file final.tsv (TSV, C-alpha atoms and all ligand atoms)
chain	number	residue	atom	x	y	z
A	1	MET	CA	4.36	-16.44	-29.90
A	2	LEU	CA	3.53	-13.93	-27.16
A	3	ARG	CA	6.49	-12.88	-24.99
A	4	ILE	CA	5.66	-11.38	-21.61
A	5	GLY	CA	7.96	-9.95	-18.93
A	6	MET	CA	6.61	-9.79	-15.39
A	7	LEU	CA	7.82	-8.08	-12.22
A	8	THR	CA	6.59	-7.15	-8.75
A	9	SER	CA	7.98	-3.91	-7.35
A	10	GLY	CA	7.89	-1.91	-4.09
A	11	GLY	CA	6.70	-3.20	-0.72
A	12	ASP	CA	5.11	-6.62	-1.02
A	13	CYS	CA	1.53	-7.44	-0.03
A	14	GLN	CA	-0.84	-10.35	-0.02
A	15	ALA	CA	-2.26	-11.64	-3.35
A	16	LEU	CA	0.68	-10.65	-5.59
A	17	ASN	CA	1.05	-14.33	-6.46
A	18	GLY	CA	-2.69	-14.68	-6.99
A	19	ALA	CA	-2.63	-11.74	-9.42
A	20	MET	CA	0.29	-13.19	-11.42
A	21	ARG	CA	-1.47	-16.54	-11.50
A	22	GLY	CA	-4.56	-14.75	-12.85
A	23	VAL	CA	-2.51	-13.11	-15.64
A	24	VAL	CA	-0.95	-16.43	-16.65
A	25	LYS	CA	-4.27	-18.30	-16.56
A	26	GLY	CA	-5.92	-15.56	-18.60
A	27	LEU	CA	-3.16	-15.79	-21.21
A	28	THR	CA	-2.57	-19.53	-21.42
A	29	ASN	CA	-6.26	-20.35	-21.61
A	30	ASN	CA	-6.84	-17.90	-24.44
A	31	THR	CA	-3.81	-17.98	-26.68
A	32	LYS	CA	-1.60	-20.74	-28.02
A	33	GLU	CA	1.96	-19.97	-27.13
A	34	VAL	CA	3.20	-17.70	-24.36
A	35	GLU	CA	6.72	-17.20	-23.07
A	36	ILE	CA	6.92	-15.69	-19.59
A	37	TYR	CA	10.04	-14.02	-18.24
A	38	GLY	CA	9.95	-13.36	-14.50
A	39	PHE	CA	12.26	-10.54	-13.37
A	40	SER	CA	13.79	-10.86	-9.89
A	41	GLU	CA	13.36	-8.17	-7.25
A	42	GLY	CA	11.27	-5.70	-9.21
A	43	TYR	CA	12.83	-3.17	-11.59
A	44	LYS	CA	16.26	-4.30	-10.37
A	45	GLY	CA	15.80	-7.52	-12.38
A	46	LEU	CA	14.87	-5.54	-15.49
A	47	ILE	CA	17.83	-3.17	-15.05
A	48	TYR	CA	20.44	-5.86	-14.49
A	49	GLY	CA	18.88	-8.58	-16.67
A	50	ASN	CA	18.12	-10.93	-13.80
A	51	TYR	CA	15.23	-13.08	-14.95
A	52	ARG	CA	14.12	-16.65	-15.36
A	53	MET	CA	11.79	-18.25	-17.82
A	54	LEU	CA	8.63	-19.48	-16.19
A	55	SER	CA	5.94	-21.85	-17.31
A	56	ALA	CA	2.27	-22.06	-16.37
A	57	SER	CA	3.12	-24.72	-13.78
A	58	ASP	CA	5.25	-22.20	-11.84
A	59	PHE	CA	2.04	-20.30	-11.16
A	60	SER	CA	0.12	-23.31	-10.03
A	61	GLY	CA	-0.70	-23.63	-6.32
A	62	ILE	CA	0.27	-20.06	-5.45
A	63	LEU	CA	-3.16	-18.45	-5.09
A	64	THR	CA	-3.05	-18.72	-1.32
A	65	ARG	CA	0.66	-17.98	-0.87
A	66	GLY	CA	1.65	-14.55	0.50
A	67	GLY	CA	4.69	-12.55	-0.67
A	68	THR	CA	5.85	-12.78	-4.26
A	69	ILE	CA	7.52	-15.71	-6.01
A	70	LEU	CA	9.59	-13.18	-8.02
A	71	GLY	CA	10.92	-11.21	-5.06
A	72	THR	CA	10.64	-7.44	-4.86
A	73	SER	CA	12.65	-4.33	-4.00
A	74	ARG	CA	12.16	-0.61	-3.74
A	75	GLN	CA	13.76	1.31	-6.63
A	76	PRO	CA	12.88	4.97	-5.94
A	77	PHE	CA	11.47	6.72	-9.00
A	78	LYS	CA	13.52	9.86	-8.28
A	79	LEU	CA	16.71	7.80	-8.74
A	80	MET	CA	15.65	6.16	-12.01
A	81	ARG	CA	17.31	8.89	-14.07
A	82	VAL	CA	20.39	8.86	-11.83
A	83	PRO	CA	23.12	6.43	-13.01
A	84	ASP	CA	23.96	3.58	-10.59
A	85	GLU	CA	27.30	3.33	-8.72
A	86	ASN	CA	28.95	1.97	-11.89
A	87	GLY	CA	27.57	4.73	-14.09
A	88	LEU	CA	24.87	2.54	-15.63
A	89	ASP	CA	21.92	4.37	-17.17
A	90	LYS	CA	19.04	2.47	-15.55
A	91	VAL	CA	16.34	3.51	-18.01
A	92	ALA	CA	18.50	2.58	-21.01
A	93	ALA	CA	19.32	-0.73	-19.30
A	94	MET	CA	15.64	-1.56	-18.75
A	95	LYS	CA	14.84	-0.77	-22.37
A	96	SER	CA	17.76	-2.85	-23.54
A	97	THR	CA	16.64	-5.92	-21.50
A	98	TYR	CA	13.09	-5.54	-22.84
A	99	HIS	CA	14.27	-5.35	-26.46
A	100	LYS	CA	16.90	-8.09	-26.11
A	101	LEU	CA	14.19	-10.48	-24.95
A	102	ASN	CA	11.95	-9.22	-27.73
A	103	LEU	CA	9.08	-8.75	-25.27
A	104	ASP	CA	5.59	-7.88	-26.44
A	105	CYS	CA	4.61	-6.48	-23.08
A	106	LEU	CA	5.87	-5.84	-19.57
A	107	VAL	CA	3.42	-6.68	-16.77
A	108	VAL	CA	4.13	-4.65	-13.64
A	109	LEU	CA	2.52	-5.20	-10.24
A	110	GLY	CA	3.04	-2.33	-7.86
A	111	GLY	CA	1.96	0.73	-5.95
A	112	ASN	CA	2.57	4.44	-6.34
A	113	GLY	CA	6.31	4.65	-7.01
A	114	THR	CA	6.11	1.61	-9.26
A	115	HIS	CA	3.45	3.30	-11.40
A	116	LYS	CA	5.58	6.38	-11.93
A	117	THR	CA	8.36	4.20	-13.36
A	118	ALA	CA	5.86	2.14	-15.38
A	119	ASN	CA	4.61	5.36	-16.96
A	120	LEU	CA	8.18	6.44	-17.65
A	121	LEU	CA	8.82	3.14	-19.45
A	122	GLN	CA	5.64	3.57	-21.44
A	123	ASN	CA	6.80	7.04	-22.49
A	124	GLU	CA	10.08	5.43	-23.55
A	125	GLY	CA	8.11	3.28	-25.98
A	126	LEU	CA	7.63	0.01	-24.06
A	127	ASN	CA	4.29	-1.79	-23.93
A	128	VAL	CA	3.26	-1.85	-20.29
A	129	ILE	CA	0.23	-3.17	-18.37
A	130	THR	CA	0.05	-2.69	-14.60
A	131	LEU	CA	-1.89	-4.14	-11.68
A	132	PRO	CA	-2.66	-2.16	-8.50
A	133	LYS	CA	-1.15	-3.68	-5.37
A	134	THR	CA	-0.69	-2.16	-1.94
A	135	ILE	CA	-1.99	-2.61	1.57
A	136	ASP	CA	-2.38	1.20	1.65
A	137	ASN	CA	-5.18	1.32	-1.00
A	138	ASP	CA	-3.82	4.71	-2.04
A	139	LEU	CA	-3.53	4.22	-5.80
A	140	TRP	CA	-5.48	6.77	-7.77
A	141	GLY	CA	-7.82	5.32	-10.42
A	142	THR	CA	-9.04	2.26	-8.53
A	143	ASP	CA	-11.51	1.92	-5.69
A	144	MET	CA	-9.56	-1.02	-4.36
A	145	THR	CA	-6.04	-2.45	-4.49
A	146	PHE	CA	-5.31	-6.07	-3.68
A	147	GLY	CA	-3.56	-6.52	-0.36
A	148	PHE	CA	-5.70	-3.90	1.36
A	149	GLN	CA	-8.50	-6.13	2.65
A	150	SER	CA	-6.01	-8.75	3.89
A	151	ALA	CA	-4.14	-6.05	5.80
A	152	VAL	CA	-7.42	-4.68	7.19
A	153	ASP	CA	-8.15	-8.19	8.52
A	154	ILE	CA	-4.78	-8.42	10.27
A	155	ALA	CA	-4.85	-4.89	11.71
A	156	THR	CA	-8.44	-5.44	12.87
A	157	HIS	CA	-7.46	-8.70	14.53
A	158	ALA	CA	-4.67	-6.85	16.36
A	159	ILE	CA	-7.16	-4.25	17.62
A	160	ASP	CA	-9.60	-7.03	18.63
A	161	CYS	CA	-6.91	-8.72	20.72
A	162	ILE	CA	-5.93	-5.43	22.32
A	163	HIS	CA	-9.56	-4.68	23.16
A	164	THR	CA	-9.94	-7.50	25.64
A	165	THR	CA	-6.71	-6.84	27.49
A	166	ALA	CA	-7.28	-3.05	27.48
A	167	ALA	CA	-10.73	-3.57	28.98
A	168	SER	CA	-9.45	-5.96	31.67
A	169	HIS	CA	-6.76	-3.53	32.81
A	170	GLY	CA	-8.55	-0.24	32.20
A	171	ARG	CA	-5.69	1.00	30.05
A	172	VAL	CA	-5.33	3.36	27.11
A	173	PHE	CA	-3.92	1.46	24.15
A	174	LEU	CA	-2.46	2.83	20.93
A	175	VAL	CA	-2.35	0.44	17.98
A	176	GLU	CA	-0.06	1.81	15.27
A	177	VAL	CA	-1.30	0.81	11.84
A	178	MET	CA	0.73	0.99	8.60
A	179	GLY	CA	0.32	3.95	6.27
A	180	HIS	CA	2.78	6.82	6.19
A	181	LYS	CA	0.95	8.97	3.68
A	182	VAL	CA	-2.67	7.84	3.79
A	183	GLY	CA	-5.06	6.55	6.43
A	184	TRP	CA	-7.29	4.05	4.60
A	185	LEU	CA	-5.95	1.04	6.48
A	186	THR	CA	-6.15	2.75	9.87
A	187	LEU	CA	-9.63	4.08	9.13
A	188	HIS	CA	-11.05	0.71	8.09
A	189	ALA	CA	-9.29	-1.36	10.75
A	190	GLY	CA	-10.15	1.30	13.33
A	191	ILE	CA	-13.86	1.20	12.52
A	192	ALA	CA	-13.87	-2.61	12.19
A	193	GLY	CA	-12.05	-2.99	15.51
A	194	GLY	CA	-14.27	-0.51	17.34
A	195	ALA	CA	-11.49	2.00	18.04
A	196	ASP	CA	-12.60	5.07	20.00
A	197	ILE	CA	-10.10	7.44	18.43
A	198	ILE	CA	-8.67	7.20	14.91
A	199	LEU	CA	-5.74	9.37	13.87
A	200	ILE	CA	-4.81	9.54	10.17
A	201	PRO	CA	-2.44	11.73	8.13
A	202	GLU	CA	-5.29	13.41	6.23
A	203	ILE	CA	-6.83	14.80	9.46
A	204	PRO	CA	-4.14	16.45	11.62
A	205	TYR	CA	-4.87	15.97	15.31
A	206	ASP	CA	-4.91	18.33	18.25
A	207	ILE	CA	-3.46	16.49	21.26
A	208	ASP	CA	-5.85	18.32	23.61
A	209	LYS	CA	-8.82	17.02	21.61
A	210	VAL	CA	-7.39	13.49	21.84
A	211	ILE	CA	-7.05	13.86	25.60
A	212	GLN	CA	-10.59	15.28	25.88
A	213	ALA	CA	-11.94	12.20	24.05
A	214	ILE	CA	-10.13	9.89	26.51
A	215	GLU	CA	-11.35	11.90	29.52
A	216	LYS	CA	-14.92	11.85	28.18
A	217	ARG	CA	-14.83	8.06	28.07
A	218	LYS	CA	-13.44	7.95	31.59
A	219	LYS	CA	-16.30	10.15	32.85
A	220	MET	CA	-18.74	7.77	31.15
A	221	GLY	CA	-17.27	4.98	33.27
A	222	LYS	CA	-15.22	3.45	30.44
A	223	GLY	CA	-11.83	2.85	31.93
A	224	PHE	CA	-10.13	1.93	28.70
A	225	THR	CA	-9.69	3.63	25.34
A	226	ILE	CA	-8.42	2.27	22.04
A	227	LEU	CA	-6.63	4.55	19.60
A	228	ALA	CA	-5.91	3.39	16.05
A	229	VAL	CA	-3.00	5.56	14.95
A	230	ALA	CA	-1.61	5.62	11.40
A	231	GLU	CA	2.19	5.61	11.07
A	232	GLY	CA	1.85	8.96	9.36
A	233	ALA	CA	-0.57	10.59	11.82
A	234	ILE	CA	0.44	14.21	12.27
A	235	SER	CA	-0.35	16.93	14.80
A	236	LYS	CA	-1.93	20.20	13.67
A	237	GLU	CA	1.25	21.94	14.76
A	238	ASN	CA	3.50	19.69	12.64
A	239	ALA	CA	1.14	19.85	9.66
A	240	LYS	CA	2.02	23.56	9.37
A	241	LEU	CA	5.74	22.80	8.90
A	242	SER	CA	7.43	22.39	5.54
A	243	LYS	CA	8.61	18.89	4.59
A	244	LYS	CA	12.19	19.90	5.36
A	245	GLU	CA	11.33	21.45	8.75
A	246	LEU	CA	9.34	18.36	9.72
A	247	LYS	CA	12.18	16.05	8.75
A	248	GLU	CA	14.60	18.06	10.91
A	249	LYS	CA	12.15	18.05	13.84
A	250	ASN	CA	11.58	14.30	13.55
A	251	LYS	CA	15.34	13.66	13.50
A	252	LYS	CA	15.61	15.31	16.92
A	253	SER	CA	12.55	13.53	18.32
A	254	PRO	CA	13.28	11.09	21.17
A	255	TYR	CA	10.33	8.92	20.09
A	256	PRO	CA	10.64	5.94	17.72
A	257	SER	CA	7.30	6.80	16.09
A	258	VAL	CA	4.29	9.08	16.39
A	259	SER	CA	2.41	6.68	18.70
A	260	TYR	CA	5.13	6.94	21.33
A	261	GLU	CA	4.96	10.72	21.23
A	262	ILE	CA	1.17	10.74	21.56
A	263	ALA	CA	1.35	8.16	24.37
A	264	ALA	CA	3.88	10.25	26.32
A	265	LYS	CA	1.70	13.35	26.07
A	266	VAL	CA	-1.50	11.51	27.00
A	267	GLN	CA	0.20	9.86	29.98
A	268	GLU	CA	1.59	13.16	31.20
A	269	LYS	CA	-1.80	14.90	31.04
A	270	THR	CA	-4.15	12.12	32.15
A	271	GLY	CA	-2.01	9.94	34.38
A	272	GLN	CA	-3.69	6.92	32.78
A	273	GLU	CA	-1.76	3.75	32.18
A	274	ILE	CA	-0.81	3.53	28.50
A	275	ARG	CA	0.53	0.78	26.23
A	276	ILE	CA	1.51	0.77	22.57
A	277	THR	CA	1.24	-2.09	20.07
A	278	VAL	CA	2.84	-1.97	16.62
A	279	PRO	CA	1.77	-4.90	14.42
A	280	GLY	CA	4.14	-3.58	11.69
A	281	HIS	CA	4.98	-5.78	8.72
A	282	MET	CA	2.67	-8.54	9.97
A	283	GLN	CA	0.06	-6.47	8.16
A	284	ARG	CA	1.70	-7.24	4.82
A	285	GLY	CA	2.33	-10.90	5.49
A	286	GLY	CA	0.64	-14.25	5.28
A	287	SER	CA	-2.07	-15.65	3.06
A	288	PRO	CA	-4.44	-13.31	1.19
A	289	CYS	CA	-8.01	-13.16	2.50
A	290	PRO	CA	-10.74	-14.56	0.21
A	291	TYR	CA	-11.71	-11.05	-0.98
A	292	ASP	CA	-8.16	-10.43	-2.20
A	293	ARG	CA	-7.97	-13.86	-3.82
A	294	VAL	CA	-11.06	-13.03	-5.87
A	295	LEU	CA	-9.94	-9.46	-6.64
A	296	SER	CA	-6.39	-10.42	-7.67
A	297	THR	CA	-7.68	-13.26	-9.87
A	298	ARG	CA	-10.16	-10.95	-11.59
A	299	LEU	CA	-7.56	-8.21	-12.09
A	300	GLY	CA	-5.01	-10.72	-13.36
A	301	ILE	CA	-7.42	-12.10	-15.95
A	302	ALA	CA	-8.41	-8.55	-16.94
A	303	ALA	CA	-4.72	-7.70	-17.43
A	304	ALA	CA	-4.33	-10.76	-19.66
A	305	ASN	CA	-7.30	-9.55	-21.71
A	306	LEU	CA	-5.71	-6.14	-22.20
A	307	ILE	CA	-2.49	-7.82	-23.37
A	308	LEU	CA	-4.37	-10.06	-25.81
A	309	ASN	CA	-6.22	-7.01	-27.17
A	310	GLN	CA	-2.97	-5.01	-27.26
A	311	GLU	CA	-4.52	-2.32	-25.07
A	312	TYR	CA	-1.18	-1.32	-23.60
A	313	GLY	CA	-0.48	1.64	-21.33
A	314	ASN	CA	-3.25	0.84	-18.84
A	315	MET	CA	-3.64	-0.16	-15.21
A	316	VAL	CA	-6.45	-2.63	-14.51
A	317	SER	CA	-8.69	-1.26	-11.78
A	318	VAL	CA	-11.99	-1.53	-9.95
A	319	ILE	CA	-14.53	1.22	-10.40
A	320	ASN	CA	-17.91	0.93	-8.64
A	321	GLY	CA	-17.41	-2.81	-8.22
A	322	GLU	CA	-16.66	-3.44	-11.90
A	323	ILE	CA	-13.29	-4.35	-13.35
A	324	SER	CA	-12.08	-1.50	-15.50
A	325	LYS	CA	-8.90	0.11	-16.85
A	326	VAL	CA	-7.24	3.50	-16.42
A	327	PRO	CA	-4.51	5.05	-18.58
A	328	LEU	CA	-1.14	4.91	-16.83
A	329	GLU	CA	-0.45	8.60	-17.29
A	330	LYS	CA	-3.56	9.36	-15.23
A	331	VAL	CA	-2.45	7.12	-12.36
A	332	ALA	CA	1.23	8.01	-12.16
A	333	GLY	CA	2.15	10.43	-9.39
A	334	LYS	CA	-1.33	10.73	-7.86
A	335	LEU	CA	-2.31	9.57	-4.38
A	336	LYS	CA	-5.85	8.53	-3.45
A	337	MET	CA	-6.31	10.00	0.01
A	338	VAL	CA	-9.08	9.84	2.59
A	339	LEU	CA	-11.16	13.00	2.21
A	340	PRO	CA	-11.82	14.58	5.62
A	341	ASP	CA	-15.35	15.54	4.54
A	342	SER	CA	-16.21	12.16	2.99
A	343	ASN	CA	-19.27	10.20	4.11
A	344	ILE	CA	-17.27	7.50	5.87
A	345	ILE	CA	-15.59	10.11	8.09
A	346	LYS	CA	-18.88	11.91	8.75
A	347	GLU	CA	-20.57	8.61	9.66
A	348	ALA	CA	-17.73	7.58	11.94
A	349	LYS	CA	-17.92	10.93	13.71
A	350	LEU	CA	-21.69	10.63	14.09
A	351	GLY	CA	-21.05	7.22	15.62
A	352	GLY	CA	-18.86	8.81	18.28
A	353	ILE	CA	-15.37	8.18	16.92
A	354	SER	CA	-12.95	11.04	17.55
A	355	PHE	CA	-10.42	11.97	14.88
A	356	GLY	CA	-8.69	14.35	17.26
A	357	ASP	CA	-9.65	17.38	15.16
B	1	LIG	O1	3.89	-0.87	1.05
B	1	LIG	C1	3.24	0.06	1.82
B	1	LIG	C2	3.83	0.08	3.21
B	1	LIG	O2	3.55	-1.15	3.85
B	1	LIG	C3	3.34	1.23	4.05
B	1	LIG	O3	2.09	1.02	4.65
B	1	LIG	C4	4.46	1.36	5.05
B	1	LIG	O4	4.48	2.64	5.57
B	1	LIG	C5	5.67	1.04	4.23
B	1	LIG	O5	5.22	0.25	3.16
B	1	LIG	C6	6.76	0.32	4.96
B	1	LIG	O6	7.84	0.18	4.10
B	1	LIG	P1	9.05	-0.83	4.29
B	1	LIG	O7	8.57	-2.21	3.96
B	1	LIG	O8	10.08	-0.36	3.33
B	1	LIG	O9	9.46	-0.76	5.73
call {"tool": "encode", "arguments": {"input": "final.tsv", "output": "C-alpha cells"}}
result
Amino acid sequence: MLRIGMLTSGGDCQALNGAMRGVVKGLTNNTKEVEIYGFSEGYKGLIYGNYRMLSASDFSGILTRGGTILGTSRQPFKLMRVPDENGLDKVAAMKSTYHKLNLDCLVVLGGNGTHKTANLLQNEGLNVITLPKTIDNDLWGTDMTFGFQSAVDIATHAIDCIHTTAASHGRVFLVEVMGHKVGWLTLHAGIAGGADIILIPEIPYDIDKVIQAIEKRKKMGKGFTILAVAEGAISKENAKLSKKELKEKNKKSPYPSVSYEIAAKVQEKTGQEIRITVPGHMQRGGSPCPYDRVLSTRLGIAAANLILNQEYGNMVSVINGEISKVPLEKVAGKLKMVLPDSNIIKEAKLGGISFGD
C-alpha cells in the first residue's frame, strides 16, 4: 500500500487540478493500491490535520477546472518556525500529521514560498515531491511553471481589448499585469499584445524615458500608446532605496499602485488623456489553456514516477522542453528573474519596444 499526502499552497493558478489528476493517474495506473490524503488549504491542513481521503474518481473530470479542489492558503515561510497563536509548533505539527497517517510521501504543488517550506520538511526527514505552479513563472530550476501560459493568455486578451478602445480615442493606456517581483508575465503578455512600452521590476524605469517614448509615438502620428506595467515595476530612483525605505515611501504614496503613479506623471508632463486597467486576479482564474493542460498532466505523471521510484526530495521541472527533475535544495529560496541583457529583451528593444531605461 502506497500512502500519499497532497496539498496545494500559496496563490492559486490554472492547472493545479490538472497536475493533481496527472499524479493520481500516474500512480493508479502503475501500482496496485494507493491511499490519497488531500490536505485542505495548503500547509494549514497539514499543520492542523485537516484532510480527507480521496479516491481516483475525485480527480476525474477536473482537468479543465481552474482553482484547486483542495483549497489553498498562504503560510509565509518566515513564520513556519514561529509558534501559532496557541503556541503550536507548526513544523512539529506537520511532521506529526505526516507520521500519524504513515505517509510514504508528501506531494506539494506550489511556488517560491511553498518550495522553501517543502525543503524544510525534507530536511526534517519527510519524503517530499513538488510540482512547480505559478502564473509568475519565477521558480528557479524550471523553464516553465503551469499557470503561466494561461495567465499570459488572459493578460494578452486584456491588452488586445484595450488596444481597440485606446486607438479609437487616441489615449494612453496602462495595463497593470500581475507580478510583484518578476516581469515574465508582463513581458510575454506585453509582447503578445503589441504593447509599446513594457515596465518590469528587473529593469527600473526612468519616467522621462517613458514620456519620451510616448511623445515619439505622438510625433509619428500614433495618437495612442499602450503600456504593459508589472505590479512590481520600479523607478530608477526607488530602485536605489533599501527595502525598508521603499516600504516607508510606498506607505505615504497617494497612489493605489505603481500604474497610477506613472499615469499621474505622464498626464502632468504630456497632457494626454490617460486610462488605467487592472485585470488583477482574473489572470489567475478560469480554465487552464491547452498548453497548461498538457504541461500539468506531464508534470503530474512525472511526479508519480518519482514517487514510484522513491526519488524523493525533487521538484519535477521542464528543461529545454524535456520533463526533468531538480533537487529541492537547489530550488528553495531562488527566484528566476528576467535578465535585462537576455535575448528576448534585446529582440524586443530592436523591435521598438521601450523598457523605460
Ligand atoms: O501567485 C502569484 C501572484 O498572483 C502574483 O503575481 C501577485 O503579485 C500575487 O500572487 C497576488 O497575491 P494575492 O493573491 O495574495 O493577492
call {"tool": "residues_around", "arguments": {"input": "final.tsv", "residues": "Thr8 (chain A)", "least_positions_apart": "6", "cutoff": "8 Å", "atoms": "all atoms listed in the file", "output": "ChimeraX atom specification"}}
result
/A:16,41-43,68,70-72,108-110
call {"tool": "residues_near_ligand", "arguments": {"input": "final.tsv", "ligand": "ligand LIG 1 (chain B)", "cutoff": "8 Å", "atoms": "only C-alpha atoms and all ligand atoms", "output": "PyMOL selection string"}}
result
chain A and resi 10-13+74+111+134-136+177-181+231-232+281+283-284
call {"tool": "residues_around", "arguments": {"input": "final.tsv", "residues": "region 287-296 of chain A", "least_positions_apart": "2", "cutoff": "8 Å", "atoms": "all atoms listed in the file", "output": "compact mmCIF listing (two decimals) with C-alpha atoms, in the coordinates of the input"}}
result
# COMPACT_ATOMS: atom_id res chain seq x y z
CA GLN A 14 -0.84 -10.35 -0.02
CA ALA A 15 -2.26 -11.64 -3.35
CA LEU A 16 0.68 -10.65 -5.59
CA GLY A 18 -2.69 -14.68 -6.99
CA ALA A 19 -2.63 -11.74 -9.42
CA GLY A 22 -4.56 -14.75 -12.85
CA LEU A 63 -3.16 -18.45 -5.09
CA THR A 64 -3.05 -18.72 -1.32
CA ARG A 65 0.66 -17.98 -0.87
CA GLY A 66 1.65 -14.55 0.50
CA PHE A 146 -5.31 -6.07 -3.68
CA GLY A 147 -3.56 -6.52 -0.36
CA PHE A 148 -5.70 -3.90 1.36
CA GLN A 149 -8.50 -6.13 2.65
CA SER A 150 -6.01 -8.75 3.89
CA ASP A 153 -8.15 -8.19 8.52
CA GLY A 285 2.33 -10.90 5.49
CA ARG A 298 -10.16 -10.95 -11.59
CA LEU A 299 -7.56 -8.21 -12.09
CA GLY A 300 -5.01 -10.72 -13.36
call {"tool": "atom_distance", "arguments": {"input": "final.tsv", "atom1": "CA of Asn119 (chain A)", "atom2": "CA of Leu2 (chain A)"}}
result
21.8 Å
call {"tool": "atom_distance", "arguments": {"input": "final.tsv", "atom1": "CA of Ile162 (chain A)", "atom2": "CA of Glu176 (chain A)"}}
result
11.7 Å
call {"tool": "residues_around", "arguments": {"input": "final.tsv", "residues": "Leu227 (chain A)", "least_positions_apart": "6", "cutoff": "7 Å", "atoms": "all atoms listed in the file", "output": "ChimeraX atom specification"}}
result
/A:173-175,195-198
call {"tool": "atom_distance", "arguments": {"input": "final.tsv", "atom1": "CA of Lys265 (chain A)", "atom2": "CA of Val182 (chain A)"}}
result
23.4 Å
call {"tool": "closest_residue", "arguments": {"input": "final.tsv", "among": "A:Thr165, A:Tyr48, A:Asn17, A:Gln267", "to": "Ile62 (chain A)", "atoms": "all atoms listed in the file"}}
result
A:Asn17
call {"tool": "residues_around", "arguments": {"input": "final.tsv", "residues": "Lys116 (chain A)", "least_positions_apart": "6", "cutoff": "7 Å", "atoms": "all atoms listed in the file", "output": "NGL selection string"}}
result
:A and (77 or 332-333)
call {"tool": "write_last_selection", "arguments": {"input": "final.tsv", "atoms": "C-alpha atoms", "output": "tab-separated table (two decimals), in the coordinates of the input"}}
result
chain	number	residue	atom	x	y	z
A	77	PHE	CA	11.47	6.72	-9.00
A	332	ALA	CA	1.23	8.01	-12.16
A	333	GLY	CA	2.15	10.43	-9.39
call {"tool": "decode", "arguments": {"input": "final.tsv", "residues": "region 142-159 of chain A", "atoms": "N, CA and C atoms", "output": "CSV table (one decimal), in the first residue's frame"}}
result
chain,number,residue,atom,x,y,z
A,142,THR,N,13.2,25.4,-13.4
A,142,THR,CA,12.3,25.0,-14.5
A,142,THR,C,12.1,26.1,-15.5
A,143,ASP,N,12.1,25.8,-16.8
A,143,ASP,CA,11.9,26.8,-17.8
A,143,ASP,C,10.4,27.3,-17.7
A,144,MET,N,9.6,26.4,-17.2
A,144,MET,CA,8.1,26.8,-17.3
A,144,MET,C,7.4,26.3,-16.1
A,145,THR,N,6.5,27.1,-15.6
A,145,THR,CA,5.6,26.6,-14.5
A,145,THR,C,4.2,26.5,-15.1
A,146,PHE,N,3.4,25.6,-14.6
A,146,PHE,CA,2.0,25.6,-15.1
A,146,PHE,C,1.2,26.8,-14.4
A,147,GLY,N,0.3,27.3,-15.2
A,147,GLY,CA,-0.4,28.5,-14.8
A,147,GLY,C,0.1,29.7,-15.6
A,148,PHE,N,1.4,29.7,-15.9
A,148,PHE,CA,1.9,30.9,-16.6
A,148,PHE,C,1.3,31.2,-18.0
A,149,GLN,N,1.2,30.2,-18.8
A,149,GLN,CA,0.7,30.4,-20.2
A,149,GLN,C,-0.8,30.8,-20.2
A,150,SER,N,-1.5,30.2,-19.2
A,150,SER,CA,-3.0,30.6,-19.1
A,150,SER,C,-3.1,32.1,-18.7
A,151,ALA,N,-2.2,32.5,-17.8
A,151,ALA,CA,-2.3,33.9,-17.4
A,151,ALA,C,-1.8,34.8,-18.5
A,152,VAL,N,-0.8,34.4,-19.3
A,152,VAL,CA,-0.4,35.2,-20.4
A,152,VAL,C,-1.5,35.4,-21.4
A,153,ASP,N,-2.3,34.3,-21.6
A,153,ASP,CA,-3.5,34.4,-22.5
A,153,ASP,C,-4.4,35.5,-22.0
A,154,ILE,N,-4.7,35.4,-20.7
A,154,ILE,CA,-5.7,36.4,-20.1
A,154,ILE,C,-5.2,37.8,-20.2
A,155,ALA,N,-3.9,38.0,-19.8
A,155,ALA,CA,-3.4,39.3,-19.8
A,155,ALA,C,-3.3,39.9,-21.2
A,156,THR,N,-2.9,39.0,-22.1
A,156,THR,CA,-2.8,39.4,-23.5
A,156,THR,C,-4.2,39.8,-24.1
A,157,HIS,N,-5.2,39.0,-23.7
A,157,HIS,CA,-6.6,39.4,-24.1
A,157,HIS,C,-7.0,40.7,-23.6
A,158,ALA,N,-6.6,41.0,-22.3
A,158,ALA,CA,-6.9,42.3,-21.8
A,158,ALA,C,-6.2,43.4,-22.6
A,159,ILE,N,-5.0,43.2,-22.9
A,159,ILE,CA,-4.3,44.3,-23.7
A,159,ILE,C,-4.9,44.4,-25.1
